[in-house]
file model_24.txt (compact mmCIF, C-alpha atoms)
# COMPACT_ATOMS: atom_id res chain seq x y z
CA MET A 27 -25.25 23.26 -15.81
CA ARG A 28 -27.77 20.53 -16.54
CA LYS A 29 -27.38 19.23 -13.00
CA ILE A 30 -28.10 22.69 -11.56
CA LEU A 31 -31.15 23.07 -13.82
CA LEU A 32 -32.47 19.66 -12.78
CA ILE A 33 -32.10 20.52 -9.10
CA PHE A 34 -33.85 23.87 -9.69
CA LEU A 35 -36.79 22.21 -11.49
CA LEU A 36 -37.13 19.55 -8.83
CA GLY A 37 -37.14 22.21 -6.13
CA SER A 38 -39.85 24.11 -8.01
CA VAL A 39 -42.06 20.99 -8.20
CA ILE A 40 -41.59 20.36 -4.51
CA GLY A 41 -42.53 23.95 -3.71
CA LEU A 42 -45.65 23.87 -5.89
CA THR A 43 -46.97 20.51 -4.75
CA GLY A 44 -46.06 20.78 -1.11
CA CYS A 45 -43.78 17.76 -1.43
CA ALA A 46 -41.00 17.84 1.07
CA THR A 47 -40.15 14.21 1.62
CA LEU A 48 -36.97 13.65 -0.37
CA GLY A 49 -34.87 11.00 1.27
CA THR A 50 -37.88 9.33 2.90
CA SER A 51 -37.99 5.59 2.35
CA LEU A 52 -41.09 4.77 0.27
CA ASN A 53 -41.54 1.56 2.24
CA MET A 54 -42.01 3.63 5.41
CA VAL A 55 -44.91 5.66 3.99
CA PRO A 56 -48.26 4.39 5.40
CA LYS A 57 -50.86 3.53 2.76
CA GLU A 58 -53.71 4.84 4.92
CA LYS A 59 -54.11 7.50 7.59
CA ASP A 60 -57.02 8.69 9.70
CA ASP A 61 -57.84 12.30 10.46
CA ILE A 62 -60.54 14.11 12.44
CA VAL A 63 -61.24 17.63 11.21
CA PRO A 64 -63.43 20.31 12.87
CA LEU A 65 -65.64 21.96 10.24
CA LYS A 66 -68.10 24.84 10.54
CA ILE A 67 -71.43 25.46 8.79
CA GLY A 68 -74.05 28.19 9.22
CA VAL A 69 -77.65 27.17 9.96
CA THR A 70 -80.71 29.45 9.89
CA SER A 71 -84.41 28.66 10.10
CA THR A 72 -87.79 30.32 9.76
CA PRO A 73 -88.99 30.59 12.46
CA PRO A 74 -85.71 30.86 14.39
CA GLY A 75 -84.93 29.08 17.64
CA ALA A 76 -84.88 25.56 16.20
CA SER A 77 -82.61 22.91 17.70
CA ILE A 78 -79.75 21.90 15.38
CA TYR A 79 -78.59 18.30 15.34
CA ILE A 80 -75.81 16.57 13.42
CA ASN A 81 -76.09 12.79 13.53
CA ASP A 82 -78.61 13.21 16.38
CA LYS A 83 -76.18 15.24 18.49
CA LEU A 84 -77.37 18.69 19.57
CA VAL A 85 -74.87 21.28 18.34
CA GLY A 86 -76.77 24.60 18.69
CA TYR A 87 -79.90 26.65 18.07
CA SER A 88 -80.74 28.57 14.91
CA PRO A 89 -79.46 30.96 13.74
CA ALA A 90 -75.94 29.76 14.51
CA GLU A 91 -72.57 28.78 13.14
CA VAL A 92 -71.98 25.28 14.42
CA THR A 93 -68.86 23.12 14.60
CA PHE A 94 -68.84 19.38 14.03
CA TYR A 95 -66.04 16.87 13.72
CA VAL A 96 -65.62 14.88 10.53
CA LYS A 97 -63.74 11.60 10.45
CA TYR A 98 -61.64 11.16 7.32
CA LYS A 99 -59.91 8.12 5.84
CA CYS A 100 -56.88 9.18 3.82
CA ASN A 101 -55.50 6.86 1.13
CA LEU A 102 -52.04 7.33 -0.29
CA VAL A 103 -52.08 8.69 -3.85
CA THR A 104 -48.36 9.10 -4.40
CA ALA A 105 -45.43 8.21 -2.20
CA VAL A 106 -42.99 10.37 -4.13
CA CYS A 107 -44.15 13.50 -2.32
CA ILE A 108 -46.53 11.79 0.14
CA TRP A 109 -49.99 12.99 -0.91
CA TYR A 110 -53.30 11.48 0.15
CA ALA A 111 -56.95 11.54 -0.94
CA CYS A 112 -59.13 12.05 2.16
CA ASN A 113 -62.84 11.22 2.24
CA PRO A 114 -65.36 11.20 5.13
CA THR A 115 -65.80 7.74 6.62
CA GLU A 116 -69.50 8.19 7.45
CA GLN A 117 -72.62 10.09 6.49
CA TYR A 118 -73.41 13.35 8.29
CA ILE A 119 -77.10 14.21 8.68
CA LEU A 120 -78.21 17.73 9.57
CA LYS A 121 -81.60 18.05 11.30
CA VAL A 122 -83.48 21.07 12.62
CA SER A 123 -86.32 20.58 15.07
CA LYS A 124 -88.80 22.94 16.70
CA GLU A 125 -91.92 22.19 18.73
CA GLY A 126 -95.05 22.57 16.63
CA TYR A 127 -93.15 22.11 13.34
CA LYS A 128 -92.06 19.19 11.22
CA ASP A 129 -88.46 18.07 11.61
CA THR A 130 -86.39 18.96 8.54
CA VAL A 131 -83.47 16.78 7.54
CA GLU A 132 -80.69 17.20 4.97
CA VAL A 133 -77.70 14.98 4.26
CA ILE A 134 -74.50 17.05 4.17
CA GLN A 135 -72.83 16.47 0.80
CA PHE A 136 -69.03 16.45 0.70
CA ASP A 137 -68.13 17.33 -2.89
CA GLN A 138 -65.93 20.42 -2.58
CA LYS A 139 -62.32 19.38 -3.11
CA GLY A 140 -59.58 21.32 -1.34
CA SER A 141 -56.47 20.80 0.75
CA PHE A 142 -54.96 21.83 4.06
CA SER A 143 -51.43 23.02 4.35
CA HIS A 144 -49.26 20.54 6.21
CA TYR A 145 -49.95 22.51 9.37
CA PHE A 146 -53.54 23.63 9.82
CA TYR A 147 -54.07 26.42 12.33
CA GLU A 148 -56.82 26.17 14.93
CA PRO A 149 -57.22 28.73 17.76
CA GLY A 150 -54.50 27.99 20.28
CA VAL A 151 -53.38 24.80 18.56
CA ASN A 152 -51.08 23.93 15.68
CA VAL A 153 -52.46 20.69 14.28
CA GLU A 154 -50.49 18.56 11.87
CA ARG A 155 -52.86 17.47 9.12
CA VAL A 156 -52.46 14.67 6.63
CA PRO A 157 -51.10 16.31 3.46
CA GLY A 158 -53.54 15.74 0.64
CA ASP A 159 -56.89 16.54 -0.96
CA TYR A 160 -59.91 16.67 1.35
CA PHE A 161 -63.57 16.76 0.44
CA PHE A 162 -65.53 19.45 2.28
CA PRO A 163 -69.28 20.24 2.56
CA SER A 164 -70.76 21.57 -0.68
CA LYS A 165 -72.55 24.36 1.23
CA ALA A 166 -71.27 26.71 3.92
CA LYS A 167 -74.82 27.80 4.89
CA TYR A 168 -78.06 25.90 5.30
CA ASP A 169 -81.43 27.67 5.49
CA PHE A 170 -84.66 25.91 6.45
CA ASN A 171 -88.29 27.03 6.17
CA LEU A 172 -90.08 24.94 8.78
CA GLU A 173 -93.60 23.65 8.09
CA PRO A 174 -96.15 23.53 10.91
CA SER A 175 -96.86 19.95 11.91
CA PRO A 176 -100.50 18.68 11.89
CA ILE A 177 -100.17 17.92 15.61
CA GLY A 178 -98.90 21.44 16.32
CA ALA A 179 -101.69 23.00 14.25
CA ARG A 180 -104.28 20.85 16.04
CA LYS A 181 -102.91 21.86 19.43
CA THR A 182 -103.14 25.53 18.45
CA GLU A 183 -106.72 25.04 17.27
CA GLU A 184 -107.67 23.18 20.46
CA SER A 185 -106.07 25.90 22.55
CA SER A 186 -108.05 28.59 20.68
CA GLU A 187 -111.26 26.62 21.19
CA LYS A 188 -110.57 26.32 24.91
CA ILE A 189 -109.96 30.06 25.20
CA ALA A 190 -113.11 30.85 23.22
CA GLY A 191 -115.15 28.47 25.40
CA SER A 192 -113.70 29.94 28.58
CA ASN A 193 -114.48 33.50 27.44
CA ALA A 194 -118.07 32.53 26.59
CA ASP A 195 -118.50 31.13 30.10
CA GLU A 196 -117.14 34.36 31.57
CA ILE A 197 -119.56 36.47 29.53
CA ARG A 198 -122.47 34.34 30.78
CA LYS A 199 -121.32 34.90 34.35
CA TYR A 200 -121.22 38.67 33.87
CA LYS A 201 -124.64 38.58 32.16
CA LYS A 202 -126.07 36.91 35.27
CA LEU A 203 -124.47 39.61 37.42
CA LEU A 204 -126.10 42.20 35.15
CA ASP A 205 -129.49 40.47 35.42
CA ASP A 206 -129.13 40.33 39.19
CA GLY A 207 -128.35 44.06 39.27
CA VAL A 208 -124.86 43.57 40.67
CA ILE A 209 -123.17 45.40 37.74
CA THR A 210 -124.41 48.08 35.34
CA GLN A 211 -125.01 47.70 31.60
CA ASP A 212 -121.89 49.76 30.83
CA GLU A 213 -119.73 47.56 33.08
CA PHE A 214 -121.13 44.45 31.41
CA GLU A 215 -120.45 45.81 27.87
CA LYS A 216 -116.88 46.79 28.74
CA LYS A 217 -116.15 43.37 30.21
CA LYS A 218 -117.77 41.60 27.26
CA GLN A 219 -115.71 43.58 24.73
CA GLN A 220 -112.54 42.83 26.69
CA LEU A 221 -113.27 39.09 26.71
CA LEU A 222 -114.15 39.04 23.01
CA LYS A 223 -110.82 40.65 22.14
CA ASP A 224 -108.78 38.10 24.16
call {"tool": "encode", "arguments": {"input": "model_24.txt", "output": "structure tokens"}}
result
Amino acid sequence: MRKILLIFLLGSVIGLTGCATLGTSLNMVPKEKDDIVPLKIGVTSTPPGASIYINDKLVGYSPAEVTFYVKYKCNLVTAVCIWYACNPTEQYILKVSKEGYKDTVEVIQFDQKGSFSHYFYEPGVNVERVPGDYFFPSKAKYDFNLEPSPIGARKTEESSEKIAGSNADEIRKYKKLLDDGVITQDEFEKKKQQLLKD
């Protein structure tokens, strides 16, 4: 009876922890494993249409849900049921960039602990993952309010000045045509109002 109870309890522990390695030689269990995991995050920006980079690689344009691949180093925690602790091996930097605005950068923090089942489903592929605890990004969505850059603001101002100067030259040309009697006063006023609105 005790033997049956012991087997039942052991089976329950295996079921709860995902351990299914009874009979595996502990000497054969690797102390470290590597894994590459595709993760998704949402990125929005105001204004939209910004380029999205992760570690300087273009991955999309806002608003978008982007996929990037995270390299993990998995260290053996227990060999009894083969369970690892998996942490990213490098820093992942998210950057959004749009012409006329300052680049905005944020380091993706991996502090959400979770685990994959032994087999992790991806569309069309059954991928065998390292069994263990993984650390995932702390946020699923990133929203950026982009600030105009001084260079972009100066370009806008210079462009406005050029347009204003060009319109003033056009008005002077039409005034000369009016003075020469080529166009009427009404035609001159209409053209002047049109140029002042542009």
call {"tool": "residues_around", "arguments": {"input": "model_24.txt", "residues": "region 117-132 of chain A", "least_positions_apart": "3", "cutoff": "9 Å", "atoms": "only C-alpha atoms", "output": "PyMOL selection string"}}
result
chain A and resi 69+71+73-82+87-88+96+114+135+170-179+181-182
call {"tool": "atom_distance", "arguments": {"input": "model_24.txt", "atom1": "CA of Ser164 (chain A)", "atom2": "CA of Gln138 (chain A)"}}
result
5.3 Å
call {"tool": "closest_residue", "arguments": {"input": "model_24.txt", "among": "A:Asp137, A:Asp60, A:Asp212, A:Asp195", "to": "Lys165 (chain A)", "atoms": "only C-alpha atoms"}}
result
A:Asp137
call {"tool": "residues_near_point", "arguments": {"input": "model_24.txt", "point": "(-66.6, 9.0, 6.5)", "cutoff": "6 Å", "atoms": "only C-alpha atoms", "output": "ChimeraX atom specification"}}
result
/A:97-98,114-116
call {"tool": "closest_residue", "arguments": {"input": "model_24.txt", "among": "A:Val92, A:Ile197, A:Ile62, A:Leu84", "to": "Cys112 (chain A)", "atoms": "all atoms listed in the file"}}
result
A:Ile62
call {"tool": "closest_residue", "arguments": {"input": "model_24.txt", "among": "A:Leu203, A:Val156, A:Ile67, A:Ile108", "to": "Gly86 (chain A)", "atoms": "all atoms listed in the file"}}
result
A:Ile67
call {"tool": "residues_around", "arguments": {"input": "model_24.txt", "residues": "Trp109 (chain A)", "least_positions_apart": "4", "cutoff": "7 Å", "atoms": "all atoms listed in the file", "output": "list in words"}}
result
Leu102, Val103, Thr104, Ala105, Pro157 and Gly158 of chain A
call {"tool": "residues_around", "arguments": {"input": "model_24.txt", "residues": "Lys217 (chain A)", "least_positions_apart": "2", "cutoff": "12 Å", "atoms": "all atoms listed in the file", "output": "PyMOL selection string"}}
result
chain A and resi 193-194+196-201+203-204+209-215+219-224
